[in-house]
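Reviewing the structure listed below.
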Amino acid sequence: MSVYIKSEYLMNKLKDTLSMCEHCYRHVPAVRFERDNQIWLSKTCPEHGYHECLVEIDAEFYLNFKYERRLPNTFWFEITNRCNLDCPHCYQMPDNLSIDPTIVSIINQTKELPDNTAIALVGAEPTTRKDLADIVKQMQSLTENTRWIMVVTNGINLGKRSYAEKFVGIEGLTWTIGLNHPDYNGGVIRKKQQVGIDNCIELGLTIKNFTYTLGNMNQLDDVLEEIQEWHRKGVCSDARIQLGVEIGRTPDEDEPELYLSELVKSAEIVCNEKGWSWEVDKKNGNRTHYLVRINGITHRFIKWVDVKTIDFEEIYSESWATIVPGKPKSPLLHQVILRDRAVNERKPLFDTLPEKYR
């Protein structure tokens with residue numbers, strides 16, 4: 001199928017690529033182009049015709065953002081669809097009546113991975129599983145060398161001392177805690193998370209990083225300050241700050257969309273005002289993860305793509321995943337987008353991502 005850019009809009013074609021139709025989620029040929037100092041995608045779906053979408057409002061930022069292309073080296077396991085929170089932004093629509101995958105099925109899938117593959121255990125909320133420690137231990141038993149395993153959690157259940165103690169002494173296990181701004185989920189939840197963090201520190205459980213989703217840009221200053229405070233306490237040296245995206249839950253679709261360039265520039269302004277160092281990492285990261293070291297602390301500024309903005313000639317993730325029933329392994333964000341339609345919206349998927357991108 002040919003793809004075109006309407007001639008009256010043509011400014012600067014950058015690359016032929018593959019994207020998705022925002023209406024039916026088919027994989028369709030696309031063109032990445034620059035117009036009016038912005039980056040756009042144009043695509044033509046056989047069912048829904050021609051459409052364009054804005055990828056980034058600052059073309060200079062996009063074009064100067066270089067990263068080393070590398071294949072993902074982590075596998076993403078979705079081990080539950082249950083959750084104990086109701087976050088404003090979440091790519092999932094948790095179902096607390098759902099049945100978790102069995103340990104046998106998870107371990108059988110792990111056996112298919114190379115021994116050196118890092119693993120992320122996610123949900124909804126993986127700590128809703130009482131057998132989480134058993135899953136981790138059985139994964140580690142499959143290889144002679146210690147496997148790196150990360151649990152992505154909101155940290156609340158780690159506040160239960162007896163639960164947190166189950167993970168003491170498990171080698172290779174780290175935790176990513178979705179902490180967020182105190183106003184994001186509310187002060188009561190933040191206090192519960194703090195207990196979980198305290199238990200991690202006291203029990204020697206390794207916190208790899210904190211992840212903050214911003215409800216609005218006004219929260220950025222506080223978040224950057226808090227990351228500095230965590231570092232002074234020696235808790236972690238890596239943080240993620242991300243914007244909401246139109247996958248799963250979106251609290252207010254009338255709010256203007258924010259772009260990665262705006263997040264990065266706003267953070268740099270805060271750092272300059274506070275006299276903090278700002279060192280861009282031009283080697284690591286990918287198109288959705290912009291890495292900066294602020295006072296020596298690694299910060300990942302993140303804006304995921306969605307069905308409108310995904311461009312398969314770009315690298316967006318460090319992980320592979322198979323979280324969509326009946327679909328083969330593919331990059332994480334692609335799986336998340338498919339999941340939004342197939343699981344959250346319960347609508348059909350009409351095709352499969354070409355093998356080139358799998």
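Residues are referred to by chain and number: the chain letter is A, B, ... according to the order shown in the structure tokens, the number counts from 1 in that chain, and ligands are numbered separately from 1 in the order shown.
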
All residues 12 Å or closer to range 216-230 of chain A, only C-alpha atoms, same chain fewer than 5 positions away omitted, as a PyMOL selection string: chain A and resi 88-89+179-184+194+197-198+201+207-211+235-244+251-252+255-260+262-274+276-277+293-301

Return as a tab-separated table the residues of range 273-335 of chain A lying at most 9 Å from range 34-54 of chain A, together with the closest atom-to-atom pair for each and the distance in Å to one decimal, counting only C-alpha atoms, with rows in chain order and ascending residue number.
residue	atom	partner	partner_atom	distance
A:Lys308	CA	A:Cys53	CA	6.3
A:Thr309	CA	A:Cys53	CA	6.6
A:Ile310	CA	A:Leu41	CA	8.9
A:Asp311	CA	A:Leu41	CA	8.1

d(CA of Leu142 in chain A, CA of Glu125 in chain A) in Å: 24.3 Å

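Residues within 10 Å of Leu158 in chain A, counting only C-alpha atoms and excluding same-chain residues fewer than 5 positions away, are Thr127, Thr153, Tyr163, Ala164, Glu165, Lys166, Phe167, Lys192, Gln193, Gln194, Val195, Gly196, Ile197, Asp198, Asn199 and Cys200 of chain A.
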
Every residue of range 128-338 of chain A that DSSP places in strand (DSSP E), as a PyMOL selection string: chain A and resi 149-153+173-178+206-214+238-243+279-280+289-294+297-302+319-321+330-331

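Distance check against Pro328 in chain A using only C-alpha atoms: of A:Asn344, A:Thr352, A:Thr17, A:Thr250, the minimum falls on A:Thr352.
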
Picked from range 97-338 of chain A by DSSP as alpha helix (DSSP H), as a ChimeraX atom specification: /A:103-111,132-140,161-164,182-185,187-203,220-232,260-274,332-338

Proximity to Asp100 in chain A - best of A:Val151, A:Pro114, A:Pro72, A:Leu132, only C-alpha atoms: A:Leu132

Best match for closeness to Arg129 in chain A among A:Glu78, A:Asp351, A:Glu171, A:Asp86, counting only C-alpha atoms: A:Glu78

Residue contacts of range 118-122 of chain A (9 Å, only C-alpha atoms) excluding same-chain residues fewer than 2 positions away, as an NGL selection string: :A and (73-80 or 110 or 115-116 or 124-127 or 136 or 147-153 or 319)

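Relative to CA of Val245 in chain A, CA of Pro331 in chain A is found at 17.3 Å.
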
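Using only C-alpha atoms, the residues found no farther than 12 Å from Arg346 in chain A, other than those of its own chain fewer than 6 positions away, are Met93, Gly248, Val324, Pro325, Leu338, Arg339 and Asp340 of chain A.
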
Restricting the output to C-alpha atoms, write the selected residues as a PDB file, in the first residue's frame.
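Heads up, here's the output in again.pdb:
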ATOM      1  CA  MET A  93      -7.892  -1.402  33.698  1.00  0.00           C
ATOM      2  CA  GLY A 248      -5.843   2.647  29.479  1.00  0.00           C
ATOM      3  CA  VAL A 324      -1.694 -10.080  24.601  1.00  0.00           C
ATOM      4  CA  PRO A 325      -3.394 -13.470  24.206  1.00  0.00           C
ATOM      5  CA  LEU A 338      -2.502  -3.959  21.706  1.00  0.00           C
ATOM      6  CA  ARG A 339      -3.553  -4.859  25.236  1.00  0.00           C
ATOM      7  CA  ASP A 340      -5.457  -1.596  25.572  1.00  0.00           C
TER       8      ASP A 340
END

Distance in Å - CA of Ser19 in chain A versus CA of Gln109 in chain A: 28.6 Å

Contact residues around Ile107 in chain A with only C-alpha atoms at 9 Å, ignoring same-chain residues under 6 positions, as an MDAnalysis selection string: chainID A and resid 135 138:139 142

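With distances restricted to only C-alpha atoms, A:Val307 is the closest residue to His23 in chain A from A:Ile315, A:Val307, A:Leu71, A:Leu333.
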